[in-house]
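Structure first, commentary second.
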Amino acid sequence: MSENLYRFLPKVDEILEDKSIKELVEKLPRSLVIESIREELAFIRKKIKEGLVTREGLFTELASLVTNICLRASYKASYKLKKVINATGTIIHTNLGRSLLDEDVVEHIRLTACNYVNLEYDLESGRRGERYSLIESLICRITGAEAAMVVNNNAAAVLLTLSSIAKGREVIVSRGELVEIGGSFRIPEVMEESGAILVEVGTTNKTHLHDYERAINENSSAILKVHTSNYRILGFTSSVEVKEFSKLKEKYDIAIIEDLGSGVLIDLSKYGLEYEPTVQDSLSNGADLVTFSGDKLLGGPQAGIIVGKKEYISLMKKNPLTRALRVDKFTLAALEATFRLYLDEERAIEKIPTLKMLTMPMGDIEKRAEELFHQIEINDNLNSNLEIEVVDNYSEVGGGSMPLEELPTKCIAIRSNTHSSQKIERILRGYDIPIIGRIHRDRVYLDLRTIKREDYPIILDGLKYLSNRLEES
Ligand SMILES: *Cc1c(COP(=O)(O)O)cnc(C)c1O
């Protein structure tokens, strides 16, 4: 015979009188607390309705009701965009927000955020100014360009460039460079959005200068070179370098645009990495316009930077699309501060986190690995079922940059005799400050190259949490 269990459920007003709930209302928005109370009650009501609880069962549920309300409300009130530990070893991890900023850069953003600034105000004349002019000369100084322009991201930079100089006209691209970047940026699609007409030349593996030349007619406006950032075609291949297009520029009125993707400003082969074309090289080789990202190898905020001939950049500044793609003051602040670091190359390598991680000497990584491993070893709260050791591995550059580069690194490898590495990975990912590692050879790897030293205590706490969770199950 079923009895009416609903009558044991407290009313919302009664719950609000509970001491812990009262404290909660002091800290969190009342509406969130009430919503959480309603949801927890509805959850129990549903169980009763489905006949899933006995009378005793219900009292157990009620005993944890307040705790569950607190947990639910705290979760609702917590930030959804939050800090995670990137232990993947992928430096420019697009899913984890790409580049990190240096403290001085962050300080400049902070200053800009809580003060009025001369964003569009010319301090000399006291009249309206232009937001891009603030950092144009700095970008020109570092890249050697005549003019520069900044938009939201590199996809926007390519879109604006094509829309400004090639709308309704033909743009010639090699079939070997019709790339897709990051799942949503596809050259043919961006081209279509811009109103430019795509003319494909050559084949996937080979495109020659004469292929481009044959495609040129009165309606051609530009040749677009796209850096195949995230893949390489190897073997029987050939493509035309920007330098070679100068022969065509002498004969025809045609612009050479290069989408570099990453936007390196320092020749990284000096630091033992594979050569990646720099913005300066592209310009001095004759590109009229070069576009690149702010948050890939440049190591700055999300942005798209366009540098090149003044006549073209002026067209962009007048394009109505510019208004839709414009950057905010935080981006400008971060970009100016980041570009400033490039005035001194050594300083840039030392201060810009992306470059620092990229060029980190093996000796430093080894030291970090030993230090963290030692801290783990002396931590006797850890489950004896966890096997932890330091192993050799490779980090990746990421962000679709330098796909073939394998950077030797050291990792903390974790496995358990009783639980799968999938489970270990999931638990670490579910920690308060999620620790994102990768699974390799049935172990979870935490790569020292991308873990900040100040975050070691978080790793230690995360491992304790892992240990406890494994013991419970
Ligand atoms: C990454 C990349 C893009 C897109 O840049 P976002 O800044 O992510 O918009 C475009 N072209 C190339 C060649 C790239 O590598």
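Quick note on naming: the chains in the structure tokens go A, B, ... in the order shown, residues restart at 1 in each chain, and ligands are numbered from 1 in order of appearance.
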
Practice problem: Kindly work out which residues sit at most 8 Å from ligand 1, using only C-alpha atoms and all ligand atoms, and give the list as an MDAnalysis selection string. | Solution: chainID A and resid 152:158 179 181:182 185 187 226:230 259:262 292:296 302:304 399:401

Quiz prompt | Residues within 10 Å of region 251-253 of chain A, only C-alpha atoms, excluding chain neighbours under 2 positions, as a list in words | solution =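 That gives Glu213, Ile216, Asn217, Glu218, Ser220, Ser221, Ala222, Ser246, Lys247, Leu248, Lys249 and Ala255 of chain A.
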
Practice problem: Do a neighbour search on Ala113 (chain A) at 12 Å with only C-alpha atoms, toss out local chain neighbours closer than 6 positions, and write the hits as a ChimeraX atom specification. | Solution: /A:106-107,119,328-334

Self-check item: Every residue of region 219-460 of chain A that DSSP places in alpha helix (DSSP H), as a PyMOL selection string
Solution: chain A and resi 246-251+279-284+310-318+321-324+329-341+345-351+353-358+362-377+421-429+456-460

Practice problem: From the DSSP assignment of the backbone, select every residue of region 309-429 of chain A that is strand (DSSP E), and format the answer as a PyMOL selection string. | Solution: chain A and resi 386-398+407-416

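Coordinates place CA of Ile85 (chain A) at a distance of 8.3 Å from CA of Ile459 (chain A).
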
Distance query Val240 (chain A) at most 10 Å, only C-alpha atoms, self and fewer than 5 positions along chain excluded, as a short mmCIF file (atom, residue, chain, number, x, y, z; two decimals) with N, CA and C atoms, in the first residue's frame:
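Final output, out09.cif:
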```cif
data_model
loop_
_atom_site.label_atom_id
_atom_site.label_comp_id
_atom_site.auth_asym_id
_atom_site.auth_seq_id
_atom_site.Cartn_x
_atom_site.Cartn_y
_atom_site.Cartn_z
N SER A 174 46.49 28.54 -55.72
CA SER A 174 46.94 27.19 -56.08
C SER A 174 46.03 26.15 -55.44
N LYS A 206 51.44 20.06 -57.25
CA LYS A 206 52.35 20.92 -58.03
C LYS A 206 51.64 22.12 -58.65
N THR A 207 52.20 23.28 -58.43
CA THR A 207 51.72 24.48 -59.12
C THR A 207 52.94 25.27 -59.55
N HIS A 208 52.95 25.68 -60.82
CA HIS A 208 54.10 26.39 -61.36
C HIS A 208 53.74 27.84 -61.63
N LEU A 209 54.79 28.65 -61.84
CA LEU A 209 54.55 30.07 -62.13
C LEU A 209 53.70 30.22 -63.38
N HIS A 210 53.94 29.38 -64.38
CA HIS A 210 53.17 29.53 -65.62
C HIS A 210 51.69 29.18 -65.42
N ASP A 211 51.38 28.36 -64.42
CA ASP A 211 49.97 28.09 -64.12
C ASP A 211 49.27 29.38 -63.70
N TYR A 212 49.96 30.14 -62.87
CA TYR A 212 49.39 31.43 -62.41
C TYR A 212 49.28 32.38 -63.60
N LYS A 225 48.51 33.68 -51.83
CA LYS A 225 49.34 32.58 -51.35
C LYS A 225 48.84 32.25 -49.96
N PHE A 245 56.87 35.75 -57.82
CA PHE A 245 55.75 36.49 -58.41
C PHE A 245 56.17 37.87 -58.91
#
```

Quiz prompt | Of the listed residues A:Lys167, A:Cys140, A:Arg98, A:Ser194, that which approaches Leu298 (chain A) most closely, counting only C-alpha atoms | solution =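 Ranked by minimum distance to Leu298 (chain A), first place goes to A:Arg98.
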
Quiz item: What is the distance between CA of Glu387 (chain A) and CA of Ile458 (chain A), in Å to one decimal?
Solution: 18.9 Å

Quiz prompt | Length of the CA of Glu193 (chain A) to CA of Thr94 (chain A) vector [Å] | solution =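 Taking CA of Glu193 (chain A) as the start and CA of Thr94 (chain A) as the end point, the length is 23.7 Å.
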
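Distance annotation: of A:Asn385, A:Ser133, A:Thr54, A:Asn285, the residue with the minimal separation from Glu244 (chain A) is A:Asn285; atom set is only C-alpha atoms.
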
Quiz prompt | Near-Arg45 (chain A) list (12 Å; only C-alpha atoms; drop same-chain fewer than 2 positions) as a ChimeraX atom specification | solution = /A:4-10,38-43,47-53,58,61-62

Quiz item: Which residues come within 12 Å of Lys367 (chain A), counting only C-alpha atoms, excluding same-chain residues fewer than 2 positions away, as a list in words?
Solution: Met360, Pro361, Met362, Gly363, Asp364, Ile365, Ala369, Glu370, Glu371, Leu372, Phe373, His374, Val390, Thr409, Lys410, Cys411, Leu448, Arg449 and Arg453 of chain A

Quiz prompt | 12 Å contact set for Tyr394 (chain A), only C-alpha atoms, chain neighbours under 3 positions out, as a list in words | solution =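 So, after excluding close chain neighbours, the residues are Thr88, Gly89, Thr90, Ile91, Leu358, Met362, Ile365, Val391, Val397, Leu404, Glu405, Glu406, Leu407, Pro408, Thr409, Lys410, Cys411, Arg438, His440, Tyr445, Leu446, Asp447, Leu448, Arg449 and Thr450 of chain A.
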
Quiz prompt | Nearest to Gly97 (chain A), chosen from A:Gly398, A:Gly202, A:Gly129, A:Pro403, with only C-alpha atoms counted in the distances | solution = A:Gly398

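When only C-alpha atoms are used to measure the gap to Met357 (chain A), the shortest distance among A:Leu335, A:Val201, A:Leu100, A:Val190 belongs to A:Leu100.
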